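Below you'll find the structure, written out as structure tokens, and then a few comments.
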Amino acid sequence: MSTTNMSPATSEPRPTYLSDYRPPAYRATHTELKFDLAPSSTRVTALLHLERHPDSSGERPLVLHGEKLSLQRIAIDGQELQEGEYRLDEETLTIEHAPDRLRLETEVDIDPASNTALQGLYVSNGMFCTQCEAEGFRRITFYPDRPDVMATFSTTLIGDQQQLPVLLSNGNPVERGELPNGKHFVTWEDPFPKPSYLFALVAGQLEKVEDRFTTMSGREVLLEIWVEPANIDKTEHAMRSLKAAMKWDEETYGREYDLDRFMIVAVDDFNMGAMENKGLNIFNSAAVLTHPHTATDAAFQRVEGVVAHEYFHNWSGNRVTCRDWFQLSLKEGFTVFRDQSFSADMNSAPVKRIEDVSFLRTAQFAEDAGPTAHPVRPDHYIEITNFYTLTIYEKGAEIVRMLRHLLGWETFRKGSDLYFERFDGQAVTIEDFVGCMAEVSGHDLDQFMRWYSQAGTPEIDAIGEYDYAKGEYRLTLRQRTPATPDQPDKQSLHIPVRVGLVGTKSGEDLTLTLENPEDQENLDKGGVLHLREEEQTFVFTGLNEAPIPSLLRGFSAPARLRFPYGRDDLAFLLKHDSDGFNRWDAGQRLAMLALEDLIAAHRNGVEKVMDPRVTEAFRGLLTTPTDDKAVLAEMLTLPSEAYIAEQQPVVDVDAIHAARTFVKQSLAGALRDEFLALYQANRSDAEYAPDAEQIAARSLKNVALSYLMSIEDDEGIALAGQQFEADHNMTDVRAALTLLVHSSRGDIADPALRAFGEKWAHDPLVMDQWFSLQVTRPQSDALDRVKYLMAHPAFSLKNPNRVRALIGAFVGQNRVNFHRLDGAGYELLADVVIELNKLNPEIAARIITPLTRWQRFDEERQALMKAQLERIRAEDLSPNVYEVVEKALAA
Ligand code: TRP
Ligand code: ZN
């Protein structure tokens with residue numbers, strides 16, 4: 001498979017196609033590496049044990065990937081190669097006539113210190129580290145850098161004893177010693193064959209915390225978390241999460257850890273959340289470090305989820321890996337599903353589901369509706385790093401979740417066991433995974449496979465009719481998937497629709513009896529209706545009261561479901577639905593109907609009037625005792641501006657903001673005392689713990705405070721001030737500070753902001769929060785604040801966390817100001833993209849996303865956004881940004 005080739009004629013990057021897949025001509029069986037580490041010039045010596053792939057004909061040459069490598073020496077079986085015996089270009093090294101079995105030695109020099117793309121070997125805060133997924137290894141040495149080449153690795157690291165006392169790589173340390181000139185070395189061996197994307201090394205001045213885990217077969221595993229010395233008190237939660245994840249994977253999937261040692265390293269400069277390198281996971285420090293005074297509850301939960309995600313990859317990704325990068329969701333979709341299930345078990349399961357679905361429906365649905373829409377298994381790409389998307393990860397996880405529900409847990413688990421057993425040590429495809437599920441269940445999953453090949457979010461239109469005389473309810477479901485850029489015509493999907501019928505008299509779930517025996521059989525097996533045709537009618541019989549349907553319970557498929565619910569129906573479901581997810585969703589739908597009226601009123605310049613049914617529904621929520629505070633907090637949270645926008649045919653950012661603010665203020669005005677009581681009832685002086693109970697109470701308290709602050713209630717302001725001053729934990733401090741900074745009360749907010757900024761100037765992860773909360777304020781000075789803060793000493797365009805905290809938060813979460821009608825928000829983002837295109841193309845191609853969604857806005861904004869995209873296109877672009885901008889402008 002070739003990668004991002006530049007075609008000579010046009011110098012435009014060429015795509016790679018799934019249909020062009022061929023096994024490699026040669027594979028590596030064992031790889032010996034030696035690194036002589038120095039910031040600006042690291043010498044990498046590689047000895048590759050290569051052999052011709054059994055499926056490869058004798059004619060194909062030996063082709064190795066290599067980028068930005070300065071070749072010093074090359075030899076085959078000890079014989080130096082002369083010029084003319086090999087060919088080098090920007091991306092490959094080719095040897096035309098290599099033996100069928102050979103030992104290839106190369107020596108190259110690389111420059112980690114100037115590597116701002118953060119792929120391959122780079123330096124972060126004086127520390128060496130690597131990021132090789134997807135195609136970073138080729139920036140380290142010449143190699144068949146593709147996931148279907150799996151070798152054992154032996155790695156020797158050499159570095160200055162003072163500067164680089166800690167030298168880590170995959171597997172087990174087998175030898176260490178001192179060398180002349182103040183240097184030392186450590187040799188690591190990884191006995192499990194792995195693709196190059198799972199290689200890692202770390203070298204620097206690090207400290208560790210240590211723990212132990214005894215696996216289910218009684219083996220003891222050493223656990224280490226390595227951090228900069230200043231962060232040693234921020235590792236406890238990650239360690240606890242790791243042990244919980246190891247235990248959970250044994251109990252839930254029967255998967256045991258395989259090496260004697262498992263290491264996590266925290267790194268400040270990192271493009272993504274974390275990386276599952278074999279035995280040596282490298283983490284963005286934001287996804288591992290926590291302390292009650294520096295990290296919010298959300299950050300604690302993210303750490304728990306990411307630690308588990310990377311750990312779970314040891315089986316779903318490492319032991320069984322991907323044949324090629326088109327299969328990325330094979331490991332990512334499955335692993336996200338696994339980490340979501342783990343977090344659900346550790347915390348409030350319904351809240352976890354609500355959070356995951358909100359994220360999917362807001363961000364992934366938007367991706368599906370935009371110019372970069374792609375299937376969960378794409379069939380071509382220009383730059384693979386652009387395909388680490390919400391579709392691959394989140395929609396991919398929903399597909400695995402559908403399989404789990406279609407098969408039932410026990411059969412799904414059998415399929416998972418079969419998959420791990422049959423393909424252990426191999427690089428496989430999505431067919432291999434789904435094939436195991438079909439085999440153990442006897443299900444025909446051919447139509448189901450379309451979920452992987454067809455892009456776009458299916459829409460389900462439902463209508464229902466109750467025949468009182470017959471006691472029958474006829475539910476008709478119609479499916480349709482809108483066209484996406486490369487796929488004008490869509491086929492019907494196999495959609496599991498979980499349903500309930502809620503009796504309008506009893507408020508209880510009615511017994512479901514379907515007229516059609518086949519439908520009944522499916523319903524009995526998995527509680528779902530199988531929608532396979534474009535339109536299907538399901539007839540429920542034997543009903544003695546009129547029902548309201550509860551559809552797509554638990555969000556049983558990643559689809560948009562429409563049903564002509566009346567507001568009273570929704571208020572009823574909000575009270576009575578036995579499905580916790582749909583109860584929440586009924587509240588969201590009810591709020592959406594009111595919001596849509598208000599958006600229209602705002603556009604038409606008509607006075608806004610609050611729908612009393614929404615107020616009464618909220619009053620009901622606030623006055624009915626509940627033992628599930630976590631869910632209540634979600635129920636009291638209005639749909640986000642991004643989610644509301646996602647529902648609009650043409651997004652009107654100002655009307656959305658005005659309507660949502662109006663609803664919030666109306667509710668706060670009408671239910672002030674209830675919110676105040678809720679706040680008081682959920683205060684606590686208990687010592688901070690990131691447990692489900694405390695987290696629920698804090699979110700409820702802070703939701704209540706946000707209502708009080710929306711009307712700038714005097715008591716609310718006083719409480720926010722006190723909460724900030726009390727400095728009990730970062731969750732409460734940040735919530736209070738954010739509400740103050742987003743209010744008109746600069747007299748209180750400004751000194752608090754200053755104090756916070758001074759107190760935490762030394763802690764970049766806290767300063768990130770300080771940046772974000774300022775640039776998301778709705779007032780019109782937000783954009784000026786962004787520019788001002790970009791010059792702050794704590795900000796740097798070279799650090800992805802800083803970019804996300806300041807620029808990402810502004811363009812993604814401050815919709816009214818990013819979409820200013822003078823175009824200044826768009827211009828600012830384009831300026832940043834142009835800079836980042838040179839420094840870190842991967843981050844540039846991500847941060848640009850809001851500009852690519854221009855089609856969703858009014859004509860004036862469309863023109864302004866397109867003009868900035870054109871401005872970017874005129875630059876000398878990386879393949880990453882090129883691919884995204886081309887798609888956006890072709891739309
Ligand atoms: N496999 C990683 C994960 O999902 C993703 C990842 C981390 C990554 N860093 C990256 C992908 C850099 C591309 C580039 O856990
Ligand atoms: Zn992953």
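Chain identifiers are assigned as A, B, and so on, following the order in which chains appear in the structure tokens; residues are numbered from 1 within each chain, and ligands are numbered from 1 in order of appearance.
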
Return as JSON lines the residues of chain A lying at most 9 Å from ligand 2, together with the closest atom-to-atom pair for each and the distance in Å to one decimal, counting only C-alpha atoms and all ligand atoms, with rows in chain order and ascending residue number.
```
{"residue": "A:Gly273", "atom": "CA", "partner": "ligand 2", "partner_atom_place_in_ligand_line": "1 (Zn)", "distance": 8.9}
{"residue": "A:Ala274", "atom": "CA", "partner": "ligand 2", "partner_atom_place_in_ligand_line": "1 (Zn)", "distance": 7.9}
{"residue": "A:Met275", "atom": "CA", "partner": "ligand 2", "partner_atom_place_in_ligand_line": "1 (Zn)", "distance": 7.1}
{"residue": "A:Glu276", "atom": "CA", "partner": "ligand 2", "partner_atom_place_in_ligand_line": "1 (Zn)", "distance": 7.1}
{"residue": "A:Val306", "atom": "CA", "partner": "ligand 2", "partner_atom_place_in_ligand_line": "1 (Zn)", "distance": 8.5}
{"residue": "A:His309", "atom": "CA", "partner": "ligand 2", "partner_atom_place_in_ligand_line": "1 (Zn)", "distance": 6.2}
{"residue": "A:Glu310", "atom": "CA", "partner": "ligand 2", "partner_atom_place_in_ligand_line": "1 (Zn)", "distance": 6.2}
{"residue": "A:Phe312", "atom": "CA", "partner": "ligand 2", "partner_atom_place_in_ligand_line": "1 (Zn)", "distance": 8.7}
{"residue": "A:His313", "atom": "CA", "partner": "ligand 2", "partner_atom_place_in_ligand_line": "1 (Zn)", "distance": 6.7}
{"residue": "A:Gly317", "atom": "CA", "partner": "ligand 2", "partner_atom_place_in_ligand_line": "1 (Zn)", "distance": 8.0}
{"residue": "A:Ser329", "atom": "CA", "partner": "ligand 2", "partner_atom_place_in_ligand_line": "1 (Zn)", "distance": 8.9}
{"residue": "A:Lys331", "atom": "CA", "partner": "ligand 2", "partner_atom_place_in_ligand_line": "1 (Zn)", "distance": 6.8}
{"residue": "A:Glu332", "atom": "CA", "partner": "ligand 2", "partner_atom_place_in_ligand_line": "1 (Zn)", "distance": 4.7}
{"residue": "A:Gly333", "atom": "CA", "partner": "ligand 2", "partner_atom_place_in_ligand_line": "1 (Zn)", "distance": 8.0}
{"residue": "A:Phe334", "atom": "CA", "partner": "ligand 2", "partner_atom_place_in_ligand_line": "1 (Zn)", "distance": 8.9}
{"residue": "A:Thr335", "atom": "CA", "partner": "ligand 2", "partner_atom_place_in_ligand_line": "1 (Zn)", "distance": 6.2}
{"residue": "A:Val336", "atom": "CA", "partner": "ligand 2", "partner_atom_place_in_ligand_line": "1 (Zn)", "distance": 6.9}
{"residue": "A:Tyr393", "atom": "CA", "partner": "ligand 2", "partner_atom_place_in_ligand_line": "1 (Zn)", "distance": 7.8}
```

Exercise for review: Give me the residues within 10 Å of segment 514-523 of chain A as a ChimeraX atom specification, counting only C-alpha atoms and dropping any in the same chain fewer than 6 places off.
Suggested key: /A:406,472-474,496-499,529-531,537-542

Just the selected residues (N, CA and C atoms), exported as an mmCIF file, in the first residue's frame, please.
```cif
data_model
loop_
_atom_site.group_PDB
_atom_site.id
_atom_site.type_symbol
_atom_site.label_atom_id
_atom_site.label_comp_id
_atom_site.auth_asym_id
_atom_site.auth_seq_id
_atom_site.Cartn_x
_atom_site.Cartn_y
_atom_site.Cartn_z
ATOM 1 N N LEU A 406 -28.021 -7.107 19.325
ATOM 2 C CA LEU A 406 -28.645 -8.072 18.409
ATOM 3 C C LEU A 406 -28.387 -9.511 18.868
ATOM 4 N N GLU A 472 -55.445 -2.521 18.984
ATOM 5 C CA GLU A 472 -54.267 -2.703 18.135
ATOM 6 C C GLU A 472 -53.504 -1.396 17.959
ATOM 7 N N TYR A 473 -52.200 -1.490 17.942
ATOM 8 C CA TYR A 473 -51.387 -0.306 17.634
ATOM 9 C C TYR A 473 -50.507 -0.630 16.439
ATOM 10 N N ARG A 474 -50.672 0.181 15.400
ATOM 11 C CA ARG A 474 -49.882 -0.034 14.172
ATOM 12 C C ARG A 474 -48.754 0.982 14.140
ATOM 13 N N PRO A 496 -31.663 -2.049 14.505
ATOM 14 C CA PRO A 496 -32.386 -2.546 15.685
ATOM 15 C C PRO A 496 -33.089 -1.392 16.408
ATOM 16 N N VAL A 497 -34.417 -1.463 16.451
ATOM 17 C CA VAL A 497 -35.182 -0.383 17.095
ATOM 18 C C VAL A 497 -35.807 -0.950 18.373
ATOM 19 N N ARG A 498 -35.249 -0.580 19.497
ATOM 20 C CA ARG A 498 -35.804 -1.039 20.775
ATOM 21 C C ARG A 498 -37.043 -0.197 21.084
ATOM 22 N N VAL A 499 -38.134 -0.861 21.423
ATOM 23 C CA VAL A 499 -39.385 -0.116 21.651
ATOM 24 C C VAL A 499 -40.062 -0.525 22.949
ATOM 25 N N LEU A 529 -37.221 -4.352 17.480
ATOM 26 C CA LEU A 529 -37.794 -4.536 16.153
ATOM 27 C C LEU A 529 -36.641 -4.476 15.157
ATOM 28 N N HIS A 530 -36.659 -5.384 14.201
ATOM 29 C CA HIS A 530 -35.622 -5.357 13.175
ATOM 30 C C HIS A 530 -36.149 -4.622 11.964
ATOM 31 N N LEU A 531 -35.667 -3.427 11.769
ATOM 32 C CA LEU A 531 -36.051 -2.651 10.600
ATOM 33 C C LEU A 531 -35.015 -2.907 9.516
ATOM 34 N N THR A 537 -44.320 -2.080 8.766
ATOM 35 C CA THR A 537 -45.341 -1.800 9.763
ATOM 36 C C THR A 537 -45.374 -2.945 10.772
ATOM 37 N N PHE A 538 -45.382 -2.588 12.027
ATOM 38 C CA PHE A 538 -45.442 -3.567 13.110
ATOM 39 C C PHE A 538 -46.784 -3.406 13.814
ATOM 40 N N VAL A 539 -47.545 -4.507 13.901
ATOM 41 C CA VAL A 539 -48.873 -4.428 14.508
ATOM 42 C C VAL A 539 -48.850 -5.075 15.880
ATOM 43 N N PHE A 540 -49.061 -4.255 16.893
ATOM 44 C CA PHE A 540 -49.113 -4.753 18.277
ATOM 45 C C PHE A 540 -50.567 -5.031 18.628
ATOM 46 N N THR A 541 -50.834 -6.198 19.190
ATOM 47 C CA THR A 541 -52.220 -6.571 19.462
ATOM 48 C C THR A 541 -52.444 -6.786 20.957
ATOM 49 N N GLY A 542 -53.731 -6.886 21.298
ATOM 50 C CA GLY A 542 -54.107 -7.222 22.678
ATOM 51 C C GLY A 542 -53.908 -6.090 23.667
#
```

Practice item. Provide the atom CA of Ala25 of chain A to atom CA of Trp325 of chain A distance in Å, to one decimal place. Key: 17.8 Å

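In this model, the gap between atom CA of Asn604 of chain A and atom CA of Ala655 of chain A comes to 10.0 Å.
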
Check your understanding: Counting only C-alpha atoms, what is within 9 Å of Leu561 of chain A, bar same-chain residues fewer than 2 positions away, as a ChimeraX atom specification?
Key -> /A:458-462,551-552,559,563

Review point. Which residues, written as a list in words, have at least one atom at most 7 Å from Val428 of chain A, with only C-alpha atoms counted and residues fewer than 5 positions away on the same chain left out?
Key: Thr321, Cys322 and Arg323 of chain A

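Using only C-alpha atoms and all ligand atoms, the nearest neighbour of ligand 1 within the list A:Leu678, A:Leu737, A:Met216, A:Leu198 is A:Leu198.
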
Exercise for review: Please identify all polymer residues within 12 Å of Ala617 of chain A, counting only C-alpha atoms, omitting same-chain residues fewer than 6 positions from it, and present them as an MDAnalysis selection string.
Suggested key: chainID A and resid 567:575 583:584 586:588 590:591 611 623:624 635:636 667 671

I need the chosen residues saved as a compact mmCIF listing (two decimals), in the first residue's frame, with N, CA and C atoms.
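Saved result, result_29.txt, follows:
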```txt
# COMPACT_ATOMS: atom_id res chain seq x y z
N ARG A 567 -46.66 17.82 22.90
CA ARG A 567 -45.90 18.22 24.11
C ARG A 567 -46.39 17.50 25.35
N ASP A 568 -47.70 17.21 25.38
CA ASP A 568 -48.22 16.49 26.54
C ASP A 568 -47.70 15.05 26.57
N ASP A 569 -47.59 14.46 25.36
CA ASP A 569 -47.01 13.11 25.28
C ASP A 569 -45.60 13.10 25.87
N LEU A 570 -44.83 14.13 25.50
CA LEU A 570 -43.44 14.17 25.96
C LEU A 570 -43.37 14.39 27.47
N ALA A 571 -44.25 15.26 27.96
CA ALA A 571 -44.27 15.49 29.41
C ALA A 571 -44.64 14.19 30.13
N PHE A 572 -45.52 13.42 29.49
CA PHE A 572 -45.94 12.14 30.06
C PHE A 572 -44.77 11.14 30.08
N LEU A 573 -44.08 11.05 28.95
CA LEU A 573 -42.93 10.13 28.89
C LEU A 573 -41.83 10.55 29.86
N LEU A 574 -41.65 11.84 30.00
CA LEU A 574 -40.64 12.36 30.93
C LEU A 574 -40.92 11.87 32.35
N LYS A 575 -42.21 11.70 32.65
CA LYS A 575 -42.57 11.19 33.99
C LYS A 575 -42.50 9.67 34.05
N ARG A 583 -36.47 8.66 28.95
CA ARG A 583 -37.06 9.65 29.85
C ARG A 583 -36.31 10.98 29.69
N TRP A 584 -35.00 10.89 29.71
CA TRP A 584 -34.17 12.08 29.50
C TRP A 584 -34.44 12.67 28.11
N ALA A 586 -37.05 12.46 26.26
CA ALA A 586 -38.37 13.10 26.18
C ALA A 586 -38.27 14.55 26.66
N GLY A 587 -37.53 14.76 27.74
CA GLY A 587 -37.33 16.12 28.25
C GLY A 587 -36.59 16.99 27.24
N GLN A 588 -35.58 16.40 26.58
CA GLN A 588 -34.83 17.15 25.57
C GLN A 588 -35.72 17.51 24.38
N LEU A 590 -38.98 17.85 24.44
CA LEU A 590 -39.93 18.86 24.88
C LEU A 590 -39.28 20.24 24.87
N ALA A 591 -38.07 20.31 25.41
CA ALA A 591 -37.35 21.59 25.41
C ALA A 591 -37.08 22.05 23.99
N ASP A 611 -43.13 28.47 27.09
CA ASP A 611 -44.16 27.43 27.12
C ASP A 611 -44.33 26.93 28.56
N THR A 623 -39.26 19.02 42.17
CA THR A 623 -40.00 18.79 43.41
C THR A 623 -40.26 17.31 43.69
N THR A 624 -39.98 16.44 42.71
CA THR A 624 -40.17 15.01 42.95
C THR A 624 -38.88 14.44 43.54
N MET A 635 -31.14 15.83 33.30
CA MET A 635 -32.49 16.22 32.90
C MET A 635 -32.69 17.73 32.99
N LEU A 636 -31.99 18.34 33.94
CA LEU A 636 -32.15 19.79 34.12
C LEU A 636 -31.26 20.59 33.17
N LEU A 667 -36.93 29.77 33.21
CA LEU A 667 -36.98 28.69 34.21
C LEU A 667 -36.41 29.17 35.54
N LEU A 671 -38.62 29.31 38.87
CA LEU A 671 -38.30 28.24 39.83
C LEU A 671 -37.11 28.60 40.70
```

Study note, to complete from the structure: If you count only C-alpha atoms, the residue of A:Tyr311, A:Ile384, A:Pro195, A:Leu37 closest to Pro165 of chain A turns out to be A:Leu37

Point to revise | Polymer residues at most 6 Å from Thr94 of chain A, only C-alpha atoms, same-chain spacing of 4 or more positions, as number ranges by chain | key: A: 62-63, 86-87

Okay, now the selection with N, CA and C atoms, as a PDB file, in the first residue's frame?
```
ATOM      1  N   LEU A  62      11.953  -4.973  -2.762  1.00  0.00           N
ATOM      2  CA  LEU A  62      11.856  -4.638  -1.342  1.00  0.00           C
ATOM      3  C   LEU A  62      11.698  -3.125  -1.221  1.00  0.00           C
ATOM      4  N   VAL A  63      10.553  -2.705  -0.658  1.00  0.00           N
ATOM      5  CA  VAL A  63      10.293  -1.268  -0.522  1.00  0.00           C
ATOM      6  C   VAL A  63      10.086  -0.957   0.956  1.00  0.00           C
ATOM      7  N   TYR A  86      20.479   0.701  -4.542  1.00  0.00           N
ATOM      8  CA  TYR A  86      19.205   1.039  -3.890  1.00  0.00           C
ATOM      9  C   TYR A  86      18.755   2.387  -4.421  1.00  0.00           C
ATOM     10  N   ARG A  87      17.477   2.696  -4.209  1.00  0.00           N
ATOM     11  CA  ARG A  87      16.912   3.944  -4.713  1.00  0.00           C
ATOM     12  C   ARG A  87      16.212   4.664  -3.583  1.00  0.00           C
TER      13      ARG A  87
END
```

Check your understanding: Expressed in Å to a single decimal, how great is the separation between atom CA of Gln301 of chain A and atom CA of Ser699 of chain A?
Key ->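 Atom CA of Ser699 of chain A lies 13.1 Å from atom CA of Gln301 of chain A.
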
Review point. Where in segment 444-529 of chain A does DSSP assign alpha helix (DSSP H), given as a list of chain:residue names?
Key: A:Arg450, A:Trp451, A:Tyr452, A:Ser453, A:Pro517, A:Glu518, A:Asp519, A:Gln520, A:Glu521, A:Asn522, A:Leu523, A:Asp524, A:Lys525, A:Gly526

Output for the residues just chosen: N, CA and C atoms as a PDB file, in the first residue's frame:
```
ATOM      1  N   ARG A 450     -23.506  -3.100   5.973  1.00  0.00           N
ATOM      2  CA  ARG A 450     -23.638  -1.768   5.340  1.00  0.00           C
ATOM      3  C   ARG A 450     -23.365  -0.627   6.319  1.00  0.00           C
ATOM      4  N   TRP A 451     -23.548  -0.894   7.609  1.00  0.00           N
ATOM      5  CA  TRP A 451     -23.222   0.150   8.593  1.00  0.00           C
ATOM      6  C   TRP A 451     -21.761   0.585   8.448  1.00  0.00           C
ATOM      7  N   TYR A 452     -20.905  -0.332   7.978  1.00  0.00           N
ATOM      8  CA  TYR A 452     -19.486  -0.014   7.835  1.00  0.00           C
ATOM      9  C   TYR A 452     -19.165   0.683   6.516  1.00  0.00           C
ATOM     10  N   SER A 453     -19.961   0.404   5.494  1.00  0.00           N
ATOM     11  CA  SER A 453     -19.581   0.917   4.172  1.00  0.00           C
ATOM     12  C   SER A 453     -20.366   2.158   3.765  1.00  0.00           C
ATOM     13  N   PRO A 517     -45.393 -13.422  13.581  1.00  0.00           N
ATOM     14  CA  PRO A 517     -44.615 -14.292  14.473  1.00  0.00           C
ATOM     15  C   PRO A 517     -43.105 -14.090  14.371  1.00  0.00           C
ATOM     16  N   GLU A 518     -42.641 -13.770  13.175  1.00  0.00           N
ATOM     17  CA  GLU A 518     -41.200 -13.574  13.012  1.00  0.00           C
ATOM     18  C   GLU A 518     -40.732 -12.337  13.792  1.00  0.00           C
ATOM     19  N   ASP A 519     -41.545 -11.266  13.685  1.00  0.00           N
ATOM     20  CA  ASP A 519     -41.229 -10.055  14.446  1.00  0.00           C
ATOM     21  C   ASP A 519     -41.268 -10.345  15.944  1.00  0.00           C
ATOM     22  N   GLN A 520     -42.251 -11.162  16.329  1.00  0.00           N
ATOM     23  CA  GLN A 520     -42.394 -11.492  17.750  1.00  0.00           C
ATOM     24  C   GLN A 520     -41.164 -12.261  18.246  1.00  0.00           C
ATOM     25  N   GLU A 521     -40.693 -13.167  17.401  1.00  0.00           N
ATOM     26  CA  GLU A 521     -39.534 -13.961  17.784  1.00  0.00           C
ATOM     27  C   GLU A 521     -38.311 -13.068  18.017  1.00  0.00           C
ATOM     28  N   ASN A 522     -38.114 -12.126  17.091  1.00  0.00           N
ATOM     29  CA  ASN A 522     -37.012 -11.167  17.240  1.00  0.00           C
ATOM     30  C   ASN A 522     -37.166 -10.347  18.512  1.00  0.00           C
ATOM     31  N   LEU A 523     -38.400  -9.932  18.749  1.00  0.00           N
ATOM     32  CA  LEU A 523     -38.678  -9.097  19.918  1.00  0.00           C
ATOM     33  C   LEU A 523     -38.379  -9.874  21.193  1.00  0.00           C
ATOM     34  N   ASP A 524     -38.774 -11.144  21.210  1.00  0.00           N
ATOM     35  CA  ASP A 524     -38.529 -11.970  22.396  1.00  0.00           C
ATOM     36  C   ASP A 524     -37.033 -12.176  22.614  1.00  0.00           C
ATOM     37  N   LYS A 525     -36.289 -12.326  21.513  1.00  0.00           N
ATOM     38  CA  LYS A 525     -34.858 -12.591  21.627  1.00  0.00           C
ATOM     39  C   LYS A 525     -34.089 -11.375  22.136  1.00  0.00           C
ATOM     40  N   GLY A 526     -34.349 -10.220  21.522  1.00  0.00           N
ATOM     41  CA  GLY A 526     -33.495  -9.091  21.879  1.00  0.00           C
ATOM     42  C   GLY A 526     -34.252  -7.834  22.274  1.00  0.00           C
TER      43      GLY A 526
END
```

Practice item. Check segment 243-347 of chain A with DSSP on the backbone and list each residue it calls strand (DSSP E or B), as a PyMOL selection string. Key: chain A and resi 261-267+274-275+280-284+316+320-322

Point to revise | Which of A:Ser772, A:Asn840, A:Asn271, A:Ser878 sits closest to ligand 1 [using only C-alpha atoms and all ligand atoms] | key: A:Asn271

Review point. With only C-alpha atoms as the atoms that count, which of A:Glu616, A:Asp160, A:Asp784, A:Glu421 lies nearest to Gln205 of chain A?
Key: A:Asp160

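Among the candidate residues A:Pro800, A:Pro639, A:Pro850, A:Gly812, the one lying nearest to ligand 1 is A:Pro800, with distances computed using only C-alpha atoms and all ligand atoms.
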